[in-house]
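Shown next: coords.txt, given as compact mmCIF, C-alpha atoms.
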```txt
# COMPACT_ATOMS: atom_id res chain seq x y z
CA MET A 1 -36.83 -20.63 65.55
CA LYS A 2 -35.88 -21.83 62.10
CA THR A 3 -35.67 -20.19 58.71
CA SER A 4 -37.89 -20.85 55.68
CA ALA A 5 -36.73 -23.51 53.20
CA LEU A 6 -35.94 -21.76 49.95
CA GLY A 7 -36.91 -24.86 47.99
CA ARG A 8 -40.47 -24.57 49.35
CA ILE A 9 -40.94 -20.92 48.57
CA ALA A 10 -38.96 -20.45 45.37
CA LEU A 11 -40.72 -19.55 42.15
CA ALA A 12 -41.44 -22.79 40.18
CA ALA A 13 -37.94 -23.21 38.84
CA GLY A 14 -36.63 -26.29 37.16
CA VAL A 15 -38.96 -29.17 38.03
CA ALA A 16 -41.17 -29.99 35.04
CA ALA A 17 -40.97 -26.32 34.07
CA LEU A 18 -41.52 -26.86 30.39
CA THR A 19 -44.41 -29.26 30.66
CA ALA A 20 -46.07 -27.20 33.39
CA GLY A 21 -45.79 -24.03 31.35
CA THR A 22 -43.63 -22.12 33.82
CA LEU A 23 -40.42 -21.62 31.93
CA PRO A 24 -37.21 -21.19 33.92
CA ALA A 25 -35.97 -17.62 33.56
CA THR A 26 -32.41 -16.84 32.61
CA ALA A 27 -30.09 -16.32 35.57
CA HIS A 28 -27.51 -13.57 35.52
CA ALA A 29 -23.87 -14.61 35.52
CA ASP A 30 -23.56 -14.21 39.30
CA ASP A 31 -26.83 -16.16 39.87
CA SER A 32 -28.09 -13.33 42.08
CA LYS A 33 -30.51 -11.91 39.55
CA VAL A 34 -33.12 -13.56 37.35
CA GLU A 35 -33.66 -11.86 34.00
CA ARG A 36 -36.87 -12.94 32.32
CA LYS A 37 -36.55 -12.70 28.54
CA THR A 38 -39.82 -11.06 27.59
CA LEU A 39 -41.25 -10.60 24.11
CA PRO A 40 -44.02 -8.02 23.66
CA VAL A 41 -45.79 -8.63 20.34
CA MET A 42 -48.23 -6.25 18.66
CA VAL A 43 -50.97 -8.19 16.90
CA GLU A 44 -53.80 -7.04 14.66
CA PHE A 45 -56.82 -8.86 13.26
CA SER A 46 -58.26 -9.20 9.77
CA ASP A 47 -60.93 -6.65 10.72
CA ALA A 48 -59.20 -4.52 13.40
CA SER A 49 -55.84 -2.74 13.51
CA PHE A 50 -54.05 -0.17 15.67
CA GLN A 51 -55.13 3.40 15.07
CA ASP A 52 -51.50 4.52 15.43
CA ALA A 53 -49.27 1.45 15.22
CA ASP A 54 -46.09 3.54 15.00
CA ALA A 55 -46.84 5.26 18.31
CA VAL A 56 -47.58 1.96 20.05
CA LYS A 57 -44.40 0.41 18.68
CA ALA A 58 -42.31 3.42 19.72
CA GLY A 59 -43.65 3.48 23.28
CA THR A 60 -43.83 -0.22 24.09
CA PRO A 61 -40.11 -0.86 24.79
CA ASP A 62 -40.04 1.86 27.46
CA THR A 63 -43.25 0.55 29.00
CA TYR A 64 -41.74 -2.90 29.45
CA PHE A 65 -37.98 -2.30 29.77
CA GLY A 66 -37.35 1.42 30.31
CA THR A 67 -35.30 2.90 33.13
CA GLY A 68 -38.12 5.17 34.34
CA LYS A 69 -39.92 4.30 37.57
CA ASP A 70 -43.13 3.41 35.71
CA SER A 71 -41.65 0.64 33.57
CA LEU A 72 -42.27 -3.05 34.23
CA ALA A 73 -38.52 -3.74 34.50
CA SER A 74 -37.94 -0.93 37.02
CA PHE A 75 -40.89 -2.05 39.14
CA PHE A 76 -39.75 -5.66 39.38
CA THR A 77 -36.13 -4.66 39.98
CA GLU A 78 -37.20 -2.49 42.92
CA VAL A 79 -39.83 -4.72 44.46
CA SER A 80 -37.55 -7.79 44.28
CA ARG A 81 -34.56 -5.75 45.50
CA GLY A 82 -32.57 -6.61 42.40
CA GLN A 83 -33.37 -10.32 42.31
CA TYR A 84 -35.77 -10.30 39.35
CA THR A 85 -36.46 -8.19 36.28
CA THR A 86 -37.68 -8.38 32.71
CA VAL A 87 -35.31 -7.92 29.76
CA PRO A 88 -36.07 -7.62 26.03
CA ALA A 89 -35.91 -10.86 24.05
CA VAL A 90 -35.18 -8.95 20.83
CA GLU A 91 -32.99 -5.92 20.21
CA GLU A 92 -35.91 -3.73 19.12
CA GLY A 93 -37.80 -4.53 22.34
CA VAL A 94 -41.04 -5.35 20.50
CA VAL A 95 -42.19 -7.37 17.48
CA GLY A 96 -44.99 -6.46 15.08
CA PRO A 97 -47.53 -5.52 14.20
CA VAL A 98 -48.40 -9.05 13.11
CA THR A 99 -51.78 -9.59 11.43
CA LEU A 100 -53.49 -12.77 12.61
CA PRO A 101 -55.80 -14.71 10.26
CA MET A 102 -58.84 -14.25 12.51
CA THR A 103 -61.50 -11.69 13.27
CA ALA A 104 -61.40 -9.73 16.51
CA ALA A 105 -64.90 -10.57 17.72
CA GLY A 106 -65.15 -12.96 20.63
CA CYS A 107 -61.87 -12.12 22.35
CA ASP A 108 -60.56 -15.66 21.85
CA HIS A 109 -57.36 -15.42 23.88
CA ASN A 110 -56.40 -19.05 23.20
CA ARG A 111 -56.56 -18.60 19.44
CA ILE A 112 -54.73 -15.28 19.70
CA ASN A 113 -51.96 -17.04 21.63
CA THR A 114 -51.74 -19.97 19.22
CA LEU A 115 -51.66 -17.88 16.05
CA THR A 116 -49.19 -15.40 17.56
CA ARG A 117 -46.72 -18.15 18.43
CA GLU A 118 -47.11 -19.67 14.98
CA ALA A 119 -46.35 -16.26 13.42
CA LEU A 120 -43.32 -15.84 15.66
CA ALA A 121 -42.05 -19.33 14.84
CA ALA A 122 -42.24 -18.42 11.16
CA GLN A 123 -39.86 -15.54 11.99
CA GLY A 124 -37.52 -17.91 13.83
CA LEU A 125 -38.63 -16.93 17.34
CA VAL A 126 -39.45 -19.96 19.49
CA MET A 127 -40.83 -20.04 23.03
CA GLY A 128 -38.28 -21.44 25.46
CA GLU A 129 -35.35 -20.74 23.16
CA ASP A 130 -35.64 -17.11 22.09
CA TYR A 131 -38.03 -15.82 24.75
CA GLU A 132 -39.42 -16.93 28.10
CA SER A 133 -42.48 -14.69 28.42
CA LEU A 134 -44.90 -13.76 25.66
CA SER A 135 -46.96 -10.58 26.07
CA VAL A 136 -49.53 -10.04 23.33
CA ILE A 137 -50.74 -6.46 22.78
CA PHE A 138 -53.77 -5.93 20.57
CA PRO A 139 -56.32 -3.21 19.72
CA ALA A 140 -59.53 -3.16 21.71
CA GLN A 141 -61.86 -2.40 18.83
CA LYS A 142 -64.34 -5.17 17.98
CA THR A 143 -62.86 -7.72 20.41
CA GLY A 144 -65.50 -7.43 23.10
CA CYS A 145 -62.96 -8.39 25.78
CA ALA A 146 -64.26 -7.91 29.32
CA TRP A 147 -60.72 -7.31 30.59
CA ALA A 148 -57.79 -4.99 30.01
CA GLY A 149 -55.21 -7.60 30.96
CA LEU A 150 -55.05 -11.37 31.28
CA GLY A 151 -52.28 -13.57 32.66
CA SER A 152 -51.60 -17.28 33.15
CA VAL A 153 -51.26 -18.26 36.83
CA PRO A 154 -48.39 -19.06 36.89
CA GLY A 155 -46.96 -19.20 33.42
CA PRO A 156 -45.36 -17.35 30.54
CA TYR A 157 -48.34 -15.65 28.90
CA THR A 158 -49.99 -12.24 29.20
CA TRP A 159 -52.56 -10.57 26.99
CA ILE A 160 -52.86 -6.77 27.06
CA ASN A 161 -55.98 -5.26 25.51
CA LEU A 162 -54.78 -1.86 24.33
CA TYR A 163 -57.42 0.14 26.17
CA GLY A 164 -55.93 -1.32 29.35
CA THR A 165 -52.74 0.66 28.77
CA ALA A 166 -54.54 3.57 30.41
CA GLY A 167 -53.95 1.60 33.61
CA GLY A 168 -50.22 1.49 32.79
CA LEU A 169 -48.09 -0.40 35.26
CA GLY A 170 -51.18 -1.17 37.32
CA VAL A 171 -52.39 -3.56 34.62
CA LEU A 172 -49.07 -4.77 33.25
CA GLY A 173 -47.42 -5.39 36.63
CA HIS A 174 -50.56 -7.09 37.90
CA GLU A 175 -50.64 -9.57 35.00
CA PHE A 176 -46.94 -10.36 35.33
CA GLY A 177 -47.62 -10.89 39.04
CA HIS A 178 -50.08 -13.59 38.00
CA ASN A 179 -47.28 -15.13 35.92
CA LEU A 180 -45.31 -15.48 39.17
CA GLY A 181 -48.14 -17.56 40.64
CA LEU A 182 -49.91 -14.79 42.55
CA GLY A 183 -53.70 -14.66 42.72
CA HIS A 184 -55.90 -11.69 43.55
CA GLN A 185 -55.20 -10.79 47.17
CA GLY A 186 -58.45 -10.55 49.08
CA ARG A 187 -59.30 -9.12 52.47
CA SER A 188 -60.55 -11.12 55.45
CA MET A 189 -62.67 -9.10 57.91
CA CYS A 190 -62.16 -10.28 61.49
CA THR A 191 -63.70 -7.44 63.48
CA ASP A 192 -64.15 -9.33 66.76
CA GLY A 193 -60.39 -9.80 67.09
CA ASP A 194 -60.44 -13.57 66.64
CA LEU A 195 -59.32 -15.15 63.36
CA VAL A 196 -61.73 -18.05 63.87
CA ASP A 197 -64.68 -15.94 62.72
CA CYS A 198 -63.81 -13.92 59.59
CA THR A 199 -65.63 -12.88 56.43
CA SER A 200 -64.13 -12.41 52.98
CA ASN A 201 -64.87 -8.81 51.98
CA GLY A 202 -63.21 -6.79 49.22
CA THR A 203 -59.54 -6.76 48.34
CA SER A 204 -56.27 -5.89 50.01
CA ALA A 205 -54.88 -2.39 49.49
CA LYS A 206 -51.45 -3.67 50.50
CA SER A 207 -50.56 -5.29 47.18
CA LEU A 208 -50.63 -4.68 43.45
CA MET A 209 -52.49 -7.99 43.33
CA GLY A 210 -55.34 -6.43 45.30
CA GLY A 211 -56.36 -2.78 45.25
CA GLY A 212 -53.11 -1.14 46.28
CA GLY A 213 -51.70 -0.37 42.83
CA PRO A 214 -47.99 -0.40 41.92
CA ALA A 215 -47.02 1.86 44.83
CA ALA A 216 -47.94 -0.95 47.23
CA GLY A 217 -45.63 -3.47 45.57
CA PHE A 218 -46.26 -6.99 46.85
CA SER A 219 -47.04 -8.22 50.36
CA ALA A 220 -44.81 -10.50 52.44
CA PRO A 221 -46.58 -13.80 51.59
CA GLU A 222 -46.39 -12.89 47.90
CA MET A 223 -42.68 -12.10 48.29
CA ILE A 224 -42.26 -15.52 49.89
CA ARG A 225 -44.11 -17.16 47.01
CA ALA A 226 -41.85 -15.40 44.50
CA GLY A 227 -38.71 -16.48 46.38
CA TRP A 228 -37.59 -12.89 47.08
CA LEU A 229 -37.19 -13.27 50.84
CA SER A 230 -34.21 -15.30 51.98
CA GLY A 231 -34.46 -17.81 54.79
CA SER A 232 -33.26 -15.28 57.37
CA GLU A 233 -35.68 -12.63 56.08
CA ALA A 234 -38.78 -14.85 56.28
CA VAL A 235 -38.50 -16.54 59.67
CA GLU A 236 -40.59 -19.61 60.39
CA VAL A 237 -41.65 -19.17 64.00
CA ASP A 238 -41.61 -22.41 65.97
CA ALA A 239 -41.53 -21.00 69.51
CA SER A 240 -43.16 -18.17 71.44
CA GLY A 241 -41.01 -15.06 71.64
CA THR A 242 -40.42 -11.45 70.73
CA TYR A 243 -39.23 -10.55 67.24
CA THR A 244 -37.98 -7.39 65.53
CA LEU A 245 -39.10 -6.63 61.98
CA ARG A 246 -37.57 -4.20 59.52
CA SER A 247 -39.63 -2.69 56.70
CA LEU A 248 -40.61 -5.18 54.00
CA HIS A 249 -39.32 -3.15 51.05
CA GLY A 250 -36.52 -1.29 52.80
CA ALA A 251 -32.79 -1.64 52.27
CA GLY A 252 -30.38 -3.51 54.53
CA GLU A 253 -30.53 -6.83 56.31
CA GLY A 254 -32.87 -8.23 58.91
CA THR A 255 -36.12 -10.10 59.42
CA ARG A 256 -38.90 -8.83 57.16
CA ALA A 257 -41.63 -11.39 57.77
CA LEU A 258 -42.75 -13.85 60.44
CA ASP A 259 -44.21 -17.09 59.08
CA ILE A 260 -46.33 -18.56 61.86
CA PRO A 261 -48.11 -21.97 61.93
CA MET A 262 -51.88 -21.62 62.40
CA GLY A 263 -53.49 -25.03 62.16
CA GLU A 264 -53.49 -26.11 58.50
CA ASP A 265 -52.88 -22.49 57.47
CA ARG A 266 -50.06 -20.03 58.04
CA LEU A 267 -50.13 -16.51 59.51
CA VAL A 268 -47.62 -14.13 57.89
CA VAL A 269 -46.82 -10.89 59.69
CA GLU A 270 -44.94 -7.98 58.09
CA TYR A 271 -43.99 -4.37 58.83
CA ARG A 272 -44.54 -1.75 56.12
CA HIS A 273 -42.83 1.65 55.90
CA ALA A 274 -42.01 4.01 53.03
CA ALA A 275 -39.04 2.77 50.95
CA GLY A 276 -38.04 4.12 47.55
CA THR A 277 -41.15 4.46 45.40
CA LEU A 278 -43.01 1.86 47.48
CA ASP A 279 -45.23 2.11 50.57
CA GLY A 280 -45.36 5.91 50.69
CA ALA A 281 -48.95 5.65 51.91
CA ILE A 282 -48.57 2.46 54.00
CA GLU A 283 -47.33 2.20 57.55
CA GLY A 284 -47.60 -0.36 60.30
CA VAL A 285 -47.73 -4.07 61.04
CA HIS A 286 -50.01 -6.15 58.81
CA ALA A 287 -51.06 -9.79 58.93
CA TYR A 288 -52.17 -12.29 56.27
CA ARG A 289 -53.82 -15.67 56.33
CA VAL A 290 -52.13 -18.18 54.00
CA PRO A 291 -54.52 -21.07 53.24
CA LYS A 292 -52.81 -24.44 53.52
CA GLY A 293 -49.40 -23.02 52.65
CA ALA A 294 -50.54 -21.41 49.35
CA TYR A 295 -48.58 -18.15 49.70
CA GLY A 296 -49.84 -16.84 46.37
CA SER A 297 -53.42 -17.07 47.69
CA SER A 298 -53.02 -15.03 50.87
CA ALA A 299 -55.67 -12.65 52.25
CA LEU A 300 -55.09 -9.49 54.29
CA ILE A 301 -56.50 -9.69 57.81
CA ASP A 302 -58.51 -6.57 58.64
CA MET A 303 -59.63 -6.12 62.26
CA THR A 304 -61.32 -2.75 61.82
CA GLU A 305 -64.98 -1.75 61.81
CA ALA A 306 -64.06 1.38 59.84
CA ASN A 307 -63.08 -0.61 56.78
CA LYS A 308 -66.15 -2.82 56.79
CA PRO A 309 -67.63 -1.70 53.44
CA VAL A 310 -66.46 -3.47 50.29
CA ALA A 311 -64.56 -0.35 49.17
CA ASN A 312 -61.20 0.24 50.89
CA ASP A 313 -62.29 3.72 51.95
CA ALA A 314 -60.75 4.00 55.41
CA ALA A 315 -57.41 5.63 56.27
CA THR A 316 -54.39 3.83 54.87
CA ASP A 317 -53.22 2.62 58.29
CA ALA A 318 -56.67 1.49 59.44
CA ASP A 319 -55.91 -2.17 58.83
CA ALA A 320 -52.53 -2.18 60.59
CA ILE A 321 -52.91 -4.62 63.46
CA THR A 322 -52.15 -4.14 67.13
CA ALA A 323 -53.12 -7.67 68.24
CA VAL A 324 -54.70 -10.75 66.66
CA THR A 325 -55.66 -14.13 68.09
CA ASP A 326 -56.66 -17.45 66.60
CA THR A 327 -58.22 -19.41 69.45
CA ALA A 328 -58.57 -22.55 67.35
CA SER A 329 -54.81 -22.91 66.87
CA LYS A 330 -53.84 -21.15 70.12
CA VAL A 331 -51.83 -18.51 68.23
CA SER A 332 -51.67 -14.90 69.33
CA VAL A 333 -49.69 -11.93 68.03
CA ALA A 334 -49.31 -8.48 69.57
CA VAL A 335 -47.41 -5.39 68.47
CA VAL A 336 -45.03 -4.10 71.15
CA SER A 337 -43.89 -1.06 69.15
CA SER A 338 -44.15 0.13 65.56
CA GLY A 339 -42.86 3.10 63.59
CA GLY A 340 -39.79 4.82 62.22
CA GLY A 341 -38.71 1.89 60.07
CA LYS A 342 -39.02 -1.06 62.43
CA ALA A 343 -41.48 -2.90 64.62
CA THR A 344 -41.30 -5.25 67.59
CA VAL A 345 -43.84 -8.07 67.68
CA LYS A 346 -44.60 -10.65 70.34
CA VAL A 347 -45.82 -14.12 69.31
CA SER A 348 -47.44 -16.79 71.48
CA LEU A 349 -47.92 -20.36 70.27
CA ASP A 350 -49.12 -21.81 73.59
CA GLY A 351 -52.59 -20.32 73.95
CA GLU A 352 -51.64 -17.13 75.78
CA LYS A 353 -53.86 -14.33 74.50
CA LEU A 354 -51.61 -11.35 73.93
CA THR A 355 -52.70 -7.72 74.00
CA ALA A 356 -50.99 -4.76 72.40
CA ALA A 357 -48.62 -2.69 74.53
CA PRO A 358 -49.80 0.85 75.34
CA SER A 359 -46.94 2.22 73.20
CA ALA A 360 -47.80 0.10 70.20
CA GLY A 361 -49.99 2.73 68.51
CA LYS A 362 -49.98 3.36 64.78
CA THR A 363 -47.88 5.94 63.02
CA ALA A 364 -50.07 8.75 61.70
CA ASP A 365 -50.30 8.97 57.95
CA ALA A 366 -51.21 12.29 56.42
CA ASN A 367 -51.62 10.80 52.94
CA PRO A 368 -55.17 9.84 51.93
CA ALA A 369 -55.93 6.27 50.95
CA PRO A 370 -55.37 5.63 47.24
CA ALA A 371 -58.43 4.78 45.19
CA PRO A 372 -58.63 0.99 44.91
CA GLU A 373 -57.79 -0.53 41.56
CA HIS A 374 -60.09 -3.44 42.32
CA THR A 375 -62.77 -3.73 44.97
CA GLY A 376 -63.80 -7.35 44.55
CA SER A 377 -66.94 -9.01 45.85
CA ASP A 378 -67.87 -11.26 48.71
CA THR A 379 -66.25 -14.19 46.94
CA ASP A 380 -62.90 -15.57 48.03
CA ALA A 381 -60.57 -13.31 46.08
CA GLY A 382 -57.40 -14.77 47.51
CA ASP A 383 -57.88 -18.29 46.24
CA GLY A 384 -56.89 -17.82 42.66
CA ALA A 385 -53.24 -18.79 42.51
CA ALA A 386 -52.35 -22.25 41.30
CA ASP A 387 -49.19 -24.21 41.95
CA ALA A 388 -48.80 -25.22 38.30
CA THR A 389 -50.31 -23.71 35.21
CA GLU A 390 -52.04 -25.77 32.56
CA VAL A 391 -50.54 -23.62 29.83
CA ARG A 392 -47.89 -25.59 27.92
CA SER A 393 -45.01 -23.96 26.16
CA GLY A 394 -43.79 -24.29 22.60
CA GLY A 395 -45.67 -25.20 19.43
CA SER A 396 -49.39 -24.64 19.05
CA ALA A 397 -51.35 -24.46 22.29
CA PRO A 398 -54.62 -26.41 22.38
CA ALA A 399 -57.56 -24.25 23.40
CA GLU A 400 -57.98 -25.97 26.76
CA ASP A 401 -54.42 -25.20 27.82
CA THR A 402 -54.94 -21.59 28.90
CA THR A 403 -57.76 -22.07 31.38
CA ASP A 404 -55.79 -21.12 34.49
CA LEU A 405 -55.96 -17.39 33.99
CA ALA A 406 -56.57 -14.16 35.83
CA ALA A 407 -57.86 -10.97 34.27
CA THR A 408 -57.77 -7.31 35.17
CA GLY A 409 -59.77 -4.31 34.03
CA GLY A 410 -62.54 -3.91 31.56
CA GLY A 411 -65.52 -1.79 30.73
CA SER A 412 -68.22 -3.66 32.66
CA ASN A 413 -69.23 -2.78 36.19
CA THR A 414 -71.04 -6.02 36.95
CA VAL A 415 -70.78 -9.63 35.90
CA PRO A 416 -72.59 -12.75 37.12
CA LEU A 417 -70.84 -15.37 39.22
CA ALA A 418 -70.12 -18.19 36.79
CA ALA A 419 -70.25 -21.84 37.75
CA THR A 420 -66.85 -22.43 36.14
CA GLY A 421 -64.88 -19.93 38.18
CA THR A 422 -64.76 -16.97 40.51
CA LEU A 423 -65.49 -13.55 39.04
CA LEU A 424 -64.60 -10.46 41.01
CA VAL A 425 -66.49 -7.28 40.23
CA ALA A 426 -64.53 -4.04 40.35
CA ALA A 427 -66.59 -0.90 40.83
CA GLY A 428 -65.76 2.79 40.61
CA ALA A 429 -63.08 2.89 37.95
CA GLY A 430 -65.08 0.61 35.66
CA ALA A 431 -62.45 -2.11 36.03
CA LEU A 432 -63.45 -5.74 36.01
CA VAL A 433 -61.36 -8.38 37.72
CA MET A 434 -61.96 -11.94 36.61
CA MET A 435 -60.34 -15.00 38.13
CA ARG A 436 -60.76 -18.45 36.64
CA ARG A 437 -59.76 -20.88 39.36
CA ARG A 438 -58.42 -24.35 38.86
CA ARG A 439 -59.54 -27.16 41.10
CA ARG A 440 -56.95 -28.17 43.68
CA ALA A 441 -56.17 -31.80 44.18
```
Could you write out this file's structure as structure tokens?
Amino acid sequence: MKTSALGRIALAAGVAALTAGTLPATAHADDSKVERKTLPVMVEFSDASFQDADAVKAGTPDTYFGTGKDSLASFFTEVSRGQYTTVPAVEEGVVGPVTLPMTAAGCDHNRINTLTREALAAQGLVMGEDYESLSVIFPAQKTGCAWAGLGSVPGPYTWINLYGTAGGLGVLGHEFGHNLGLGHQGRSMCTDGDLVDCTSNGTSAKSLMGGGGPAAGFSAPEMIRAGWLSGSEAVEVDASGTYTLRSLHGAGEGTRALDIPMGEDRLVVEYRHAAGTLDGAIEGVHAYRVPKGAYGSSALIDMTEANKPVANDAATDADAITAVTDTASKVSVAVVSSGGGKATVKVSLDGEKLTAAPSAGKTADANPAPAPEHTGSDTDAGDGAADATEVRSGGSAPAEDTTDLAATGGGSNTVPLAATGTLLVAAGAGALVMMRRRRRA
């Protein structure tokens, strides 16, 4: 076996970062922790302002940078195991309110972005010098936005429609996940046990980028995309064998993911178990298809009949695998044992069809499944992440520069499938998920 090349999986650092719109974050002195200088800015419009601007300004720094478990900084510090966090770009933690010379109607995110950066530049705050991420917060009245949050994929920009703050970290963390290059994680139904014949159906409940909410953190392929699994933690499997996995978000050392070749795609296998504030309702071995090496566009593999409806309404461990096979690439995976903080998995790359050991069973989970944040549609939800954003940094951004975006939340329950992108409909909570996909070369 060999270990993953960090250069292949690291988060878009360095190369053409400024022109691609993914600004390099500031490394801590010991180079073991990335601190992303983030600037939340409250903006108002000529015809719409915050009902209580003082309250928003007082609460925003804690929402982004507080020490409580529900802050953006705390979430990223925990999920990355100390390798990544957000830090305030200004001492006050937030700038504004700034009144933009535009009306609210139309929800023109490009113009909001352009005018906000111009207003900041007038105050001496320049993208790339004084801050690395710009998060615009604005009142919902009169905008007509169909989303609660919007983020460049990847890139330095997020837009938070104030009514989306009811979703708290679920919205904010999700949009900053898009900034890392993560798309909406979908779910691939493969109920006959063979990965050759699968159907895209709903979203994954095993990631904040699907329907799992903040308590699910990120999945193994997303952790690989972000560069948060070292080479020895994300093992590229190049030979049949038996492997031991420790929990993805747990402390200590050891292998946390198997990265297995599967034709043009990859198969990533992880073990999930409660750790800190994460995975309290998740247990077992899970598998993901990674299309053509795009780790930010992975989809959860679900082998169960129970979870066949679009809504993730089965028990939380229903989609933990015991065995999966891809006859086309002659790959087979079987769980030998699972539970108590570790799992043993057997992998075959030579066509041998493996079956789960009698002792492999799933660990019972008394906690009910969390209500999904997004439920998606029968479109390919996991295809939204791009390798380079079209959002450019610094100066005034042309309108066409922020097309590679992903949105979360909203007041609509349905929306038509547009010819220019993939739109995911979220039911139940009245949240709309919208993904505008860029064309791959």
One number please: atom CA of A:Gly280 to atom CA of A:Ile260, in Å, one decimal.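 Going from atom CA of A:Gly280 over to atom CA of A:Ile260, I get 26.9 Å.
For A:Phe138, the residues within 9 Å (counting only C-alpha atoms, excluding itself and residues fewer than 6 positions away along the chain) are Val41, Met42, Val43, Glu44, Phe45, Ser49, Phe50, Pro97, Trp159, Ile160, Asn161 and Leu162 of chain A.
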Given the selection you just returned, output its residues as a file containing C-alpha atoms, formatted as a PDB file, in the coordinates of the input.
```
ATOM      1  CA  VAL A  41     -45.790  -8.630  20.340  1.00  0.00           C
ATOM      2  CA  MET A  42     -48.230  -6.250  18.660  1.00  0.00           C
ATOM      3  CA  VAL A  43     -50.970  -8.190  16.900  1.00  0.00           C
ATOM      4  CA  GLU A  44     -53.800  -7.040  14.660  1.00  0.00           C
ATOM      5  CA  PHE A  45     -56.820  -8.860  13.260  1.00  0.00           C
ATOM      6  CA  SER A  49     -55.840  -2.740  13.510  1.00  0.00           C
ATOM      7  CA  PHE A  50     -54.050  -0.170  15.670  1.00  0.00           C
ATOM      8  CA  PRO A  97     -47.530  -5.520  14.200  1.00  0.00           C
ATOM      9  CA  TRP A 159     -52.560 -10.570  26.990  1.00  0.00           C
ATOM     10  CA  ILE A 160     -52.860  -6.770  27.060  1.00  0.00           C
ATOM     11  CA  ASN A 161     -55.980  -5.260  25.510  1.00  0.00           C
ATOM     12  CA  LEU A 162     -54.780  -1.860  24.330  1.00  0.00           C
TER      13      LEU A 162
END
```
Give me the residues within 10 Å of stretch 254-257 of chain A as a compact mmCIF listing (two decimals) with C-alpha atoms, in the frame of the given file, counting all atoms listed in the file and dropping any in the same chain fewer than 6 places off.
```
# COMPACT_ATOMS: atom_id res chain seq x y z
CA SER A 219 -47.04 -8.22 50.36
CA ALA A 220 -44.81 -10.50 52.44
CA PRO A 221 -46.58 -13.80 51.59
CA MET A 223 -42.68 -12.10 48.29
CA ILE A 224 -42.26 -15.52 49.89
CA LEU A 229 -37.19 -13.27 50.84
CA SER A 230 -34.21 -15.30 51.98
CA GLY A 231 -34.46 -17.81 54.79
CA SER A 232 -33.26 -15.28 57.37
CA GLU A 233 -35.68 -12.63 56.08
CA ALA A 234 -38.78 -14.85 56.28
CA VAL A 235 -38.50 -16.54 59.67
CA GLU A 236 -40.59 -19.61 60.39
CA VAL A 237 -41.65 -19.17 64.00
CA TYR A 243 -39.23 -10.55 67.24
CA THR A 244 -37.98 -7.39 65.53
CA LEU A 245 -39.10 -6.63 61.98
CA ARG A 246 -37.57 -4.20 59.52
CA SER A 247 -39.63 -2.69 56.70
CA LEU A 248 -40.61 -5.18 54.00
CA VAL A 268 -47.62 -14.13 57.89
CA VAL A 269 -46.82 -10.89 59.69
CA GLU A 270 -44.94 -7.98 58.09
CA TYR A 271 -43.99 -4.37 58.83
CA ARG A 272 -44.54 -1.75 56.12
CA HIS A 286 -50.01 -6.15 58.81
CA ALA A 287 -51.06 -9.79 58.93
CA LYS A 342 -39.02 -1.06 62.43
CA ALA A 343 -41.48 -2.90 64.62
```
Taking 3 positions as the minimum chain separation for residues in the same chain, which residues sit within 8 Å of A:Asp130 when counting all atoms listed in the file? Answer as an NGL selection string. :A and (37 or 89 or 125-127)
Create the file for the chosen residues now, containing C-alpha atoms and written as a JSON list (two decimals), in the coordinates of the input.
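The result, stored in selection-v5.json:
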```json
[["chain", "number", "residue", "atom", "x", "y", "z"],
["A", 37, "LYS", "CA", -36.55, -12.70, 28.54],
["A", 89, "ALA", "CA", -35.91, -10.86, 24.05],
["A", 125, "LEU", "CA", -38.63, -16.93, 17.34],
["A", 126, "VAL", "CA", -39.45, -19.96, 19.49],
["A", 127, "MET", "CA", -40.83, -20.04, 23.03]]
```
Compile a residue-level contact table for stretch 40-65 of chain A against stretch 172-190 of chain A at a cut-off of 12 Å, reporting for every qualifying residue the shortest atom pair and its distance in Å to one decimal, with only C-alpha atoms counted, rows ordered by chain and ascending number, as a Markdown table.
```
| residue | atom | partner | partner_atom | distance |
| --- | --- | --- | --- | --- |
| A:Pro40 | CA | A:Leu172 | CA | 11.3 |
| A:Thr60 | CA | A:Leu172 | CA | 11.5 |
| A:Thr63 | CA | A:Leu172 | CA | 9.0 |
| A:Tyr64 | CA | A:Leu172 | CA | 8.5 |
| A:Phe65 | CA | A:Leu172 | CA | 11.9 |
```
Exercise: residues within 12 Å of coordinate (-40.4, 3.0, 24.9), counting all atoms listed in the file, as a count of residues only: 24
List as number ranges by chain the protein and nucleic acid residues near stretch 289-296 of chain A, meaning an atom at most 6 Å away when all atoms listed in the file are counted, but skip any in the same chain fewer than 6 places from it. A: 182-183, 221-222, 225, 264-267, 385
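Candidate residues A:Val345, A:Lys206, A:Thr304, A:Gln51 were compared for distance to A:Gly193, and the nearest is A:Thr304, using only C-alpha atoms.
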Please indicate the distance in Å from atom CA of A:Glu129 to atom CA of A:Ile112, rounded to one decimal place.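 If I compute the distance from atom CA of A:Glu129 to atom CA of A:Ile112, I get 20.4 Å.
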Pick the closest to A:Ala281 from A:Val79, A:Leu208, A:Ala334, A:Ala216: which is it, counting all atoms listed in the file? A:Ala216
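A straight line drawn from atom CA of A:Tyr131 to atom CA of A:Pro156 is 9.5 Å long.
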Calculated over only C-alpha atoms, which of the candidates A:Lys346, A:His249, A:Lys142, A:His109 has the smallest distance to A:Phe218?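 For A:Phe218, the nearest of the candidates is A:His249.
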A:Gly96, A:Gly227, A:Pro261, A:Gly217: which is nearest A:Gln83, counting only C-alpha atoms? A:Gly227
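Proximity of A:Ala275, A:Ala53, A:Ile301, A:Val347 to A:Asp194, computed with only C-alpha atoms, is greatest for A:Ile301.
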